[in-house]
Amino acid sequence: MAKGKRGNTRARRVGYELIKRDHVEGHPIFTLLDELVHEHHDHLRDARIAIAWNLTWQPDADGIVSTAKCMRANDLARELAPFDFVILLRRSTWKDERFSDEHRRALMDRALCYAARATTTGGDDAVDERGRPVWRTRKPDIVEFSEVIERHGIYSRDVERIAEALRKQGVGPFVACDRCALTPGWIDVLEAGVARKARCECWNAWNERRRAYTAERAAS
(Lines give C-alpha, C1' and ligand atoms only; values in the text may rest on other atoms or scores of the structure.)
Protein backbone atom coordinates (compact mmCIF):
# COMPACT_ATOMS: atom_id res chain seq x y z
CA MET A 1 0.00 0.00 0.00
CA ALA A 2 1.47 3.35 -1.07
CA LYS A 3 2.33 5.74 1.68
CA GLY A 4 0.74 9.18 1.57
CA LYS A 5 2.89 12.24 1.02
CA ARG A 6 4.12 13.95 4.11
CA GLY A 7 2.69 17.41 4.53
CA ASN A 8 4.52 20.60 5.44
CA THR A 9 5.39 20.35 9.12
CA ARG A 10 5.82 24.11 9.56
CA ALA A 11 3.04 25.99 11.32
CA ARG A 12 0.82 27.83 8.90
CA ARG A 13 1.20 31.58 9.01
CA VAL A 14 -1.73 33.57 10.40
CA GLY A 15 -2.77 36.39 8.08
CA TYR A 16 -5.02 38.46 10.36
CA GLU A 17 -5.20 39.59 13.97
CA LEU A 18 -8.25 41.27 15.48
CA ILE A 19 -7.51 44.58 17.20
CA LYS A 20 -9.41 44.92 20.47
CA ARG A 21 -10.95 48.27 21.36
CA ASP A 22 -10.10 48.03 25.06
CA HIS A 23 -6.49 46.91 24.50
CA VAL A 24 -3.64 49.37 25.03
CA GLU A 25 -2.68 49.00 21.36
CA GLY A 26 -6.20 49.25 20.02
CA HIS A 27 -7.47 52.15 22.12
CA PRO A 28 -5.79 54.97 20.11
CA ILE A 29 -6.79 53.34 16.81
CA PHE A 30 -10.45 53.11 17.77
CA THR A 31 -10.28 56.64 19.22
CA LEU A 32 -9.12 57.84 15.82
CA LEU A 33 -11.91 55.89 14.10
CA ASP A 34 -14.54 57.38 16.45
CA GLU A 35 -13.22 60.92 15.87
CA LEU A 36 -13.39 60.53 12.08
CA VAL A 37 -16.91 59.07 12.18
CA HIS A 38 -18.01 62.00 14.34
CA GLU A 39 -16.31 64.61 12.12
CA HIS A 40 -16.85 63.27 8.59
CA HIS A 41 -18.92 60.07 8.49
CA ASP A 42 -22.13 60.76 10.38
CA HIS A 43 -23.93 58.07 8.34
CA LEU A 44 -21.75 55.44 10.08
CA ARG A 45 -22.70 56.35 13.65
CA ASP A 46 -24.81 53.19 13.95
CA ALA A 47 -22.38 50.94 12.05
CA ARG A 48 -20.52 48.31 14.03
CA ILE A 49 -16.94 48.47 12.77
CA ALA A 50 -14.19 46.03 13.64
CA ILE A 51 -10.49 46.65 12.94
CA ALA A 52 -7.89 43.98 12.25
CA TRP A 53 -4.23 43.81 11.30
CA ASN A 54 -3.25 42.27 7.99
CA LEU A 55 0.09 40.54 8.46
CA THR A 56 0.81 39.31 4.93
CA TRP A 57 0.22 42.04 2.32
CA GLN A 58 3.28 42.47 0.11
CA PRO A 59 4.03 44.78 -2.86
CA ASP A 60 2.81 43.51 -6.22
CA ALA A 61 4.77 43.48 -9.51
CA ASP A 62 4.31 47.27 -9.81
CA GLY A 63 5.56 47.90 -6.28
CA ILE A 64 2.07 48.76 -5.03
CA VAL A 65 0.95 47.35 -1.70
CA SER A 66 -2.42 47.55 0.03
CA THR A 67 -2.24 49.45 3.31
CA ALA A 68 -5.92 49.48 4.29
CA LYS A 69 -9.20 47.95 3.14
CA CYS A 70 -12.81 48.16 4.23
CA MET A 71 -14.86 44.98 3.91
CA ARG A 72 -18.59 44.69 4.41
CA ALA A 73 -19.78 41.78 6.52
CA ASN A 74 -22.21 39.55 4.64
CA ASP A 75 -25.34 38.09 6.24
CA LEU A 76 -23.54 35.00 7.53
CA ALA A 77 -20.70 37.03 9.05
CA ARG A 78 -23.23 39.26 10.80
CA GLU A 79 -24.78 36.16 12.35
CA LEU A 80 -21.40 35.01 13.68
CA ALA A 81 -20.02 38.32 14.99
CA PRO A 82 -21.46 41.74 15.86
CA PHE A 83 -19.81 43.60 13.00
CA ASP A 84 -21.10 45.38 9.88
CA PHE A 85 -17.67 46.27 8.48
CA VAL A 86 -14.09 45.21 9.07
CA ILE A 87 -11.26 47.62 8.36
CA LEU A 88 -7.99 45.84 7.61
CA LEU A 89 -4.73 47.70 8.28
CA ARG A 90 -1.28 46.61 7.12
CA ARG A 91 0.48 46.36 10.46
CA SER A 92 4.03 46.92 9.20
CA THR A 93 2.96 50.18 7.53
CA TRP A 94 0.83 51.47 10.40
CA LYS A 95 3.63 50.89 12.92
CA ASP A 96 6.44 52.23 10.73
CA GLU A 97 8.11 55.19 12.47
CA ARG A 98 8.07 57.10 9.17
CA PHE A 99 4.28 56.83 9.08
CA SER A 100 3.05 59.96 10.83
CA ASP A 101 -0.17 60.48 12.76
CA GLU A 102 -1.42 62.56 9.83
CA HIS A 103 -0.81 59.61 7.51
CA ARG A 104 -2.71 57.31 9.87
CA ARG A 105 -5.62 59.74 10.03
CA ALA A 106 -5.77 59.99 6.23
CA LEU A 107 -5.53 56.22 5.81
CA MET A 108 -8.35 55.55 8.28
CA ASP A 109 -10.46 58.30 6.73
CA ARG A 110 -9.98 56.73 3.30
CA ALA A 111 -11.02 53.30 4.60
CA LEU A 112 -14.17 54.76 6.13
CA CYS A 113 -15.04 56.46 2.84
CA TYR A 114 -15.68 53.02 1.34
CA ALA A 115 -18.45 52.28 3.88
CA ALA A 116 -21.92 53.48 2.90
CA ARG A 117 -25.56 52.94 3.74
CA ALA A 118 -27.59 51.10 1.09
CA THR A 119 -30.75 52.86 -0.12
CA THR A 120 -34.05 51.80 -1.62
CA THR A 121 -35.18 52.73 -5.13
CA GLY A 122 -37.01 55.63 -3.51
CA GLY A 123 -33.82 56.94 -1.93
CA ASP A 124 -34.61 55.93 1.66
CA ASP A 125 -32.16 54.08 3.91
CA ALA A 126 -32.60 50.35 3.33
CA VAL A 127 -33.28 47.90 6.15
CA ASP A 128 -33.54 44.12 6.16
CA GLU A 129 -36.53 42.07 7.35
CA ARG A 130 -35.20 42.28 10.92
CA GLY A 131 -35.11 46.05 10.77
CA ARG A 132 -31.31 46.21 10.65
CA PRO A 133 -29.51 48.76 8.45
CA VAL A 134 -28.29 47.42 5.10
CA TRP A 135 -24.77 48.48 4.24
CA ARG A 136 -22.64 48.52 1.10
CA THR A 137 -19.16 49.55 -0.03
CA ARG A 138 -18.69 52.23 -2.65
CA LYS A 139 -15.93 52.94 -5.16
CA PRO A 140 -13.44 55.85 -4.99
CA ASP A 141 -14.21 58.97 -7.01
CA ILE A 142 -11.15 58.53 -9.21
CA VAL A 143 -8.60 55.94 -10.29
CA GLU A 144 -5.92 57.39 -12.56
CA PHE A 145 -2.28 57.10 -13.65
CA SER A 146 -0.09 59.97 -12.43
CA GLU A 147 1.77 60.16 -15.76
CA VAL A 148 -1.50 60.74 -17.64
CA ILE A 149 -2.22 63.75 -15.42
CA GLU A 150 1.37 64.96 -15.88
CA ARG A 151 1.04 64.78 -19.67
CA HIS A 152 -2.54 65.93 -20.15
CA GLY A 153 -3.50 67.86 -17.03
CA ILE A 154 -7.11 68.07 -15.86
CA TYR A 155 -8.64 66.33 -18.86
CA SER A 156 -11.73 64.77 -17.23
CA ARG A 157 -14.33 65.39 -14.57
CA ASP A 158 -12.75 62.67 -12.41
CA VAL A 159 -9.39 64.45 -12.36
CA GLU A 160 -11.17 67.76 -11.77
CA ARG A 161 -12.55 66.34 -8.51
CA ILE A 162 -9.01 65.73 -7.27
CA ALA A 163 -7.87 69.19 -8.37
CA GLU A 164 -10.86 70.76 -6.61
CA ALA A 165 -10.08 68.83 -3.41
CA LEU A 166 -6.51 70.14 -3.51
CA ARG A 167 -7.71 73.69 -4.11
CA LYS A 168 -9.94 73.41 -1.05
CA GLN A 169 -6.83 72.65 1.00
CA GLY A 170 -5.69 76.17 0.12
CA VAL A 171 -2.05 75.23 -0.41
CA GLY A 172 -2.07 73.19 -3.62
CA PRO A 173 -0.46 69.80 -4.17
CA PHE A 174 2.94 68.92 -2.75
CA VAL A 175 5.82 69.50 -5.19
CA ALA A 176 9.12 67.78 -4.41
CA CYS A 177 12.36 69.76 -4.46
CA ASP A 178 15.52 68.65 -6.26
CA ARG A 179 16.83 66.98 -3.11
CA CYS A 180 13.86 64.58 -2.79
CA ALA A 181 12.79 64.41 -6.43
CA LEU A 182 13.40 60.65 -6.68
CA THR A 183 11.60 59.87 -3.41
CA PRO A 184 9.09 62.75 -3.07
CA GLY A 185 8.97 64.08 0.47
CA TRP A 186 11.61 61.67 1.84
CA ILE A 187 15.40 61.93 2.18
CA ASP A 188 18.14 59.71 3.62
CA VAL A 189 19.76 60.96 6.83
CA LEU A 190 22.54 59.58 8.99
CA GLU A 191 22.11 59.61 12.77
CA ALA A 192 24.70 58.08 15.08
CA GLY A 193 26.06 56.14 12.13
CA VAL A 194 22.64 54.67 11.28
CA ALA A 195 20.91 55.53 8.00
CA ARG A 196 17.18 56.16 8.06
CA LYS A 197 14.46 57.92 6.12
CA ALA A 198 13.27 61.37 7.17
CA ARG A 199 10.92 64.01 5.84
CA CYS A 200 12.48 66.55 3.51
CA GLU A 201 12.38 70.22 4.52
CA CYS A 202 10.22 71.05 1.49
CA TRP A 203 7.57 68.56 2.64
CA ASN A 204 7.66 69.84 6.22
CA ALA A 205 7.14 73.40 4.99
CA TRP A 206 4.23 72.34 2.75
CA ASN A 207 2.67 70.32 5.57
CA GLU A 208 2.89 73.27 7.97
CA ARG A 209 1.11 75.51 5.44
CA ARG A 210 -1.58 72.89 5.01
CA ARG A 211 -2.06 72.46 8.76
CA ALA A 212 -2.25 76.25 9.28
CA TYR A 213 -4.83 76.59 6.52
CA THR A 214 -6.92 73.72 7.92
CA ALA A 215 -6.81 75.24 11.43
CA GLU A 216 -7.78 78.64 10.04
CA ARG A 217 -10.78 77.17 8.21
CA ALA A 218 -11.89 75.27 11.31
CA ALA A 219 -11.74 78.44 13.42
CA SER A 220 -13.67 80.57 10.93
# chains A, B, ... in the order shown; residues from 1 in each chain; ligands from 1
>>> residues_around(residues="segment 53-67 of chain A", least_positions_apart="2", cutoff="9 Å", atoms="only C-alpha atoms", output="PyMOL selection string")
chain A and resi 13-19+51+69+87-94+107
>>> select_by_dssp(residues="segment 147-206 of chain A", states="strand (DSSP E)", output="count of residues only")
12
>>> atom_distance(atom1="atom CA of Gly26 of chain A", atom2="atom CA of Arg104 of chain A")
13.4 Å
>>> closest_atom_pairs(of="segment 82-174 of chain A", to="segment 37-45 of chain A", cutoff="10 Å", atoms="only C-alpha atoms", output="CSV")
residue,atom,partner,partner_atom,distance
A:Asp109,CA,A:His40,CA,8.3
A:Leu112,CA,A:His41,CA,7.5
A:Cys113,CA,A:His41,CA,7.8
A:Ala115,CA,A:Leu44,CA,7.7
A:Ala116,CA,A:His43,CA,7.4
A:Arg117,CA,A:His43,CA,7.1
A:Trp135,CA,A:Leu44,CA,9.6
>>> residues_around(residues="Trp186 of chain A", least_positions_apart="5", cutoff="6 Å", atoms="only C-alpha atoms", output="ChimeraX atom specification")
/A:180,198-200
>>> select_by_dssp(residues="segment 72-125 of chain A", states="helix (DSSP H, G or I)", output="PyMOL selection string")
chain A and resi 75-80+91-94+101-113
>>> write_last_selection(atoms="N, CA and C atoms", output="tab-separated table (two decimals), in the first residue's frame")
chain	number	residue	atom	x	y	z
A	75	ASP	N	-24.32	38.51	5.28
A	75	ASP	CA	-25.34	38.09	6.24
A	75	ASP	C	-24.83	37.01	7.19
A	76	LEU	N	-24.06	36.06	6.67
A	76	LEU	CA	-23.54	35.00	7.53
A	76	LEU	C	-22.57	35.56	8.56
A	77	ALA	N	-21.67	36.44	8.13
A	77	ALA	CA	-20.70	37.03	9.05
A	77	ALA	C	-21.39	37.82	10.14
A	78	ARG	N	-22.49	38.49	9.80
A	78	ARG	CA	-23.23	39.26	10.80
A	78	ARG	C	-23.91	38.35	11.83
A	79	GLU	N	-24.21	37.12	11.41
A	79	GLU	CA	-24.78	36.16	12.35
A	79	GLU	C	-23.72	35.65	13.33
A	80	LEU	N	-22.47	35.60	12.88
A	80	LEU	CA	-21.40	35.01	13.68
A	80	LEU	C	-20.71	36.02	14.59
A	91	ARG	N	-0.18	46.05	9.20
A	91	ARG	CA	0.48	46.36	10.46
A	91	ARG	C	1.86	46.97	10.28
A	92	SER	N	2.66	46.42	9.36
A	92	SER	CA	4.03	46.92	9.20
A	92	SER	C	4.04	48.37	8.74
A	93	THR	N	3.04	48.79	7.97
A	93	THR	CA	2.96	50.18	7.53
A	93	THR	C	2.48	51.07	8.67
A	94	TRP	N	1.41	50.65	9.33
A	94	TRP	CA	0.83	51.47	10.40
A	94	TRP	C	1.83	51.73	11.52
A	101	ASP	N	1.22	60.50	12.31
A	101	ASP	CA	-0.17	60.48	12.76
A	101	ASP	C	-1.09	61.04	11.68
A	102	GLU	N	-0.61	62.01	10.92
A	102	GLU	CA	-1.42	62.56	9.83
A	102	GLU	C	-1.65	61.51	8.74
A	103	HIS	N	-0.64	60.70	8.46
A	103	HIS	CA	-0.81	59.61	7.51
A	103	HIS	C	-1.84	58.60	8.02
A	104	ARG	N	-1.77	58.27	9.30
A	104	ARG	CA	-2.71	57.31	9.87
A	104	ARG	C	-4.14	57.85	9.81
A	105	ARG	N	-4.29	59.13	10.08
A	105	ARG	CA	-5.62	59.74	10.03
A	105	ARG	C	-6.17	59.69	8.60
A	106	ALA	N	-5.32	60.01	7.63
A	106	ALA	CA	-5.77	59.99	6.23
A	106	ALA	C	-6.10	58.57	5.79
A	107	LEU	N	-5.30	57.61	6.22
A	107	LEU	CA	-5.53	56.22	5.81
A	107	LEU	C	-6.84	55.69	6.40
A	108	MET	N	-7.10	55.98	7.67
A	108	MET	CA	-8.35	55.55	8.28
A	108	MET	C	-9.54	56.26	7.66
A	109	ASP	N	-9.38	57.53	7.37
A	109	ASP	CA	-10.46	58.30	6.73
A	109	ASP	C	-10.80	57.70	5.37
A	110	ARG	N	-9.77	57.33	4.62
A	110	ARG	CA	-9.98	56.73	3.30
A	110	ARG	C	-10.73	55.39	3.43
A	111	ALA	N	-10.34	54.58	4.41
A	111	ALA	CA	-11.02	53.30	4.60
A	111	ALA	C	-12.49	53.50	4.93
A	112	LEU	N	-12.78	54.49	5.76
A	112	LEU	CA	-14.17	54.76	6.13
A	112	LEU	C	-14.99	55.29	4.95
A	113	CYS	N	-14.32	55.93	4.00
A	113	CYS	CA	-15.04	56.46	2.84
A	113	CYS	C	-15.66	55.34	1.99
>>> closest_residue(among="A:Glu25, A:Glu201, A:Asp34, A:Glu150", to="Asp178 of chain A", atoms="only C-alpha atoms")
A:Glu201
>>> closest_residue(among="A:Gly131, A:Ile49, A:Glu160, A:Thr121", to="Glu144 of chain A", atoms="only C-alpha atoms")
A:Glu160
>>> closest_residue(among="A:Arg167, A:Lys95, A:Lys197, A:Arg179", to="Arg210 of chain A", atoms="only C-alpha atoms")
A:Arg167
>>> atom_distance(atom1="atom CA of Cys70 of chain A", atom2="atom CA of Val86 of chain A")
5.8 Å
>>> atom_distance(atom1="atom CA of Arg136 of chain A", atom2="atom CA of Phe83 of chain A")
13.2 Å
>>> closest_residue(among="A:Ala218, A:Ile142, A:Ala11, A:Ala81", to="Ala165 of chain A", atoms="only C-alpha atoms")
A:Ile142
>>> closest_residue(among="A:Val148, A:Val143, A:Leu36, A:Cys177", to="Arg161 of chain A", atoms="only C-alpha atoms")
A:Val143
>>> decode(residues="segment 40-54 of chain A", atoms="all heavy atoms", output="short mmCIF file (atom, residue, chain, number, x, y, z; two decimals), in the first residue's frame")
data_model
loop_
_atom_site.label_atom_id
_atom_site.label_comp_id
_atom_site.auth_asym_id
_atom_site.auth_seq_id
_atom_site.Cartn_x
_atom_site.Cartn_y
_atom_site.Cartn_z
N HIS A 40 -16.65 63.34 10.04
CA HIS A 40 -16.85 63.27 8.59
C HIS A 40 -17.78 62.17 8.11
O HIS A 40 -18.16 62.16 6.93
CB HIS A 40 -15.49 63.08 7.90
CG HIS A 40 -14.47 64.11 8.27
ND1 HIS A 40 -14.62 65.45 7.97
CD2 HIS A 40 -13.29 63.99 8.93
CE1 HIS A 40 -13.57 66.12 8.42
NE2 HIS A 40 -12.75 65.26 9.00
N HIS A 41 -18.16 61.23 8.96
CA HIS A 41 -18.92 60.07 8.49
C HIS A 41 -20.14 59.83 9.39
O HIS A 41 -20.31 58.75 9.96
CB HIS A 41 -18.03 58.82 8.46
CG HIS A 41 -16.79 58.99 7.63
ND1 HIS A 41 -16.77 58.79 6.27
CD2 HIS A 41 -15.53 59.37 7.98
CE1 HIS A 41 -15.55 59.02 5.81
NE2 HIS A 41 -14.79 59.37 6.83
N ASP A 42 -20.97 60.84 9.49
CA ASP A 42 -22.13 60.76 10.38
C ASP A 42 -23.04 59.58 10.04
O ASP A 42 -23.70 59.03 10.91
CB ASP A 42 -22.91 62.07 10.31
CG ASP A 42 -23.98 62.15 11.38
OD1 ASP A 42 -23.62 62.21 12.57
OD2 ASP A 42 -25.18 62.14 11.03
N HIS A 43 -23.07 59.18 8.76
CA HIS A 43 -23.93 58.07 8.34
C HIS A 43 -23.48 56.72 8.91
O HIS A 43 -24.21 55.74 8.84
CB HIS A 43 -23.96 57.97 6.82
CG HIS A 43 -22.63 57.70 6.20
ND1 HIS A 43 -21.62 58.64 6.15
CD2 HIS A 43 -22.13 56.58 5.62
CE1 HIS A 43 -20.56 58.11 5.57
NE2 HIS A 43 -20.84 56.88 5.24
N LEU A 44 -22.27 56.69 9.51
CA LEU A 44 -21.75 55.44 10.08
C LEU A 44 -21.87 55.38 11.60
O LEU A 44 -21.31 54.48 12.22
CB LEU A 44 -20.28 55.26 9.68
CG LEU A 44 -19.98 55.12 8.17
CD1 LEU A 44 -18.48 55.03 7.94
CD2 LEU A 44 -20.70 53.91 7.60
N ARG A 45 -22.60 56.31 12.19
CA ARG A 45 -22.70 56.35 13.65
C ARG A 45 -23.28 55.05 14.21
O ARG A 45 -22.94 54.63 15.31
CB ARG A 45 -23.57 57.53 14.09
CG ARG A 45 -22.85 58.88 14.01
CD ARG A 45 -23.76 60.00 14.47
NE ARG A 45 -23.10 61.29 14.39
CZ ARG A 45 -22.40 61.85 15.38
NH1 ARG A 45 -22.25 61.19 16.52
NH2 ARG A 45 -21.84 63.02 15.23
N ASP A 46 -24.18 54.42 13.47
CA ASP A 46 -24.81 53.19 13.95
C ASP A 46 -24.11 51.93 13.42
O ASP A 46 -24.54 50.82 13.74
CB ASP A 46 -26.29 53.16 13.54
CG ASP A 46 -27.08 54.27 14.19
OD1 ASP A 46 -26.74 54.66 15.32
OD2 ASP A 46 -28.04 54.76 13.56
N ALA A 47 -23.08 52.10 12.61
CA ALA A 47 -22.38 50.94 12.05
C ALA A 47 -21.44 50.34 13.09
O ALA A 47 -20.77 51.05 13.83
CB ALA A 47 -21.59 51.36 10.81
N ARG A 48 -21.41 49.02 13.12
CA ARG A 48 -20.52 48.31 14.03
C ARG A 48 -19.27 47.95 13.22
O ARG A 48 -19.33 47.13 12.31
CB ARG A 48 -21.21 47.06 14.57
CG ARG A 48 -22.51 47.38 15.33
CD ARG A 48 -23.30 46.14 15.62
NE ARG A 48 -23.66 45.42 14.39
CZ ARG A 48 -24.27 44.24 14.36
NH1 ARG A 48 -24.56 43.62 15.49
NH2 ARG A 48 -24.56 43.66 13.22
N ILE A 49 -18.16 48.59 13.58
CA ILE A 49 -16.94 48.47 12.77
C ILE A 49 -15.84 47.80 13.58
O ILE A 49 -15.46 48.27 14.66
CB ILE A 49 -16.47 49.86 12.27
CG1 ILE A 49 -17.59 50.55 11.49
CG2 ILE A 49 -15.22 49.73 11.42
CD1 ILE A 49 -17.27 51.97 11.08
N ALA A 50 -15.34 46.71 13.05
CA ALA A 50 -14.19 46.03 13.64
C ALA A 50 -12.92 46.46 12.91
O ALA A 50 -12.98 46.93 11.76
CB ALA A 50 -14.35 44.51 13.53
N ILE A 51 -11.78 46.33 13.55
CA ILE A 51 -10.49 46.65 12.94
C ILE A 51 -9.56 45.47 13.17
O ILE A 51 -9.52 44.89 14.25
CB ILE A 51 -9.87 47.92 13.54
CG1 ILE A 51 -10.85 49.09 13.52
CG2 ILE A 51 -8.60 48.31 12.76
CD1 ILE A 51 -10.32 50.35 14.18
N ALA A 52 -8.82 45.11 12.14
CA ALA A 52 -7.89 43.98 12.25
C ALA A 52 -6.60 44.29 11.51
O ALA A 52 -6.59 45.04 10.53
CB ALA A 52 -8.53 42.70 11.70
N TRP A 53 -5.51 43.72 12.00
CA TRP A 53 -4.23 43.81 11.30
C TRP A 53 -4.21 42.81 10.15
O TRP A 53 -4.68 41.69 10.30
CB TRP A 53 -3.06 43.47 12.21
CG TRP A 53 -2.79 44.38 13.37
CD1 TRP A 53 -2.70 44.01 14.68
CD2 TRP A 53 -2.53 45.78 13.34
NE1 TRP A 53 -2.41 45.09 15.47
CE2 TRP A 53 -2.30 46.19 14.67
CE3 TRP A 53 -2.49 46.73 12.32
CZ2 TRP A 53 -2.03 47.52 15.01
CZ3 TRP A 53 -2.22 48.05 12.66
CH2 TRP A 53 -2.00 48.43 13.97
N ASN A 54 -3.64 43.23 9.02
CA ASN A 54 -3.25 42.27 7.99
C ASN A 54 -1.74 42.09 8.11
O ASN A 54 -0.99 43.07 8.13
CB ASN A 54 -3.61 42.77 6.59
CG ASN A 54 -3.22 41.76 5.53
OD1 ASN A 54 -2.05 41.60 5.21
ND2 ASN A 54 -4.20 41.06 5.00
#
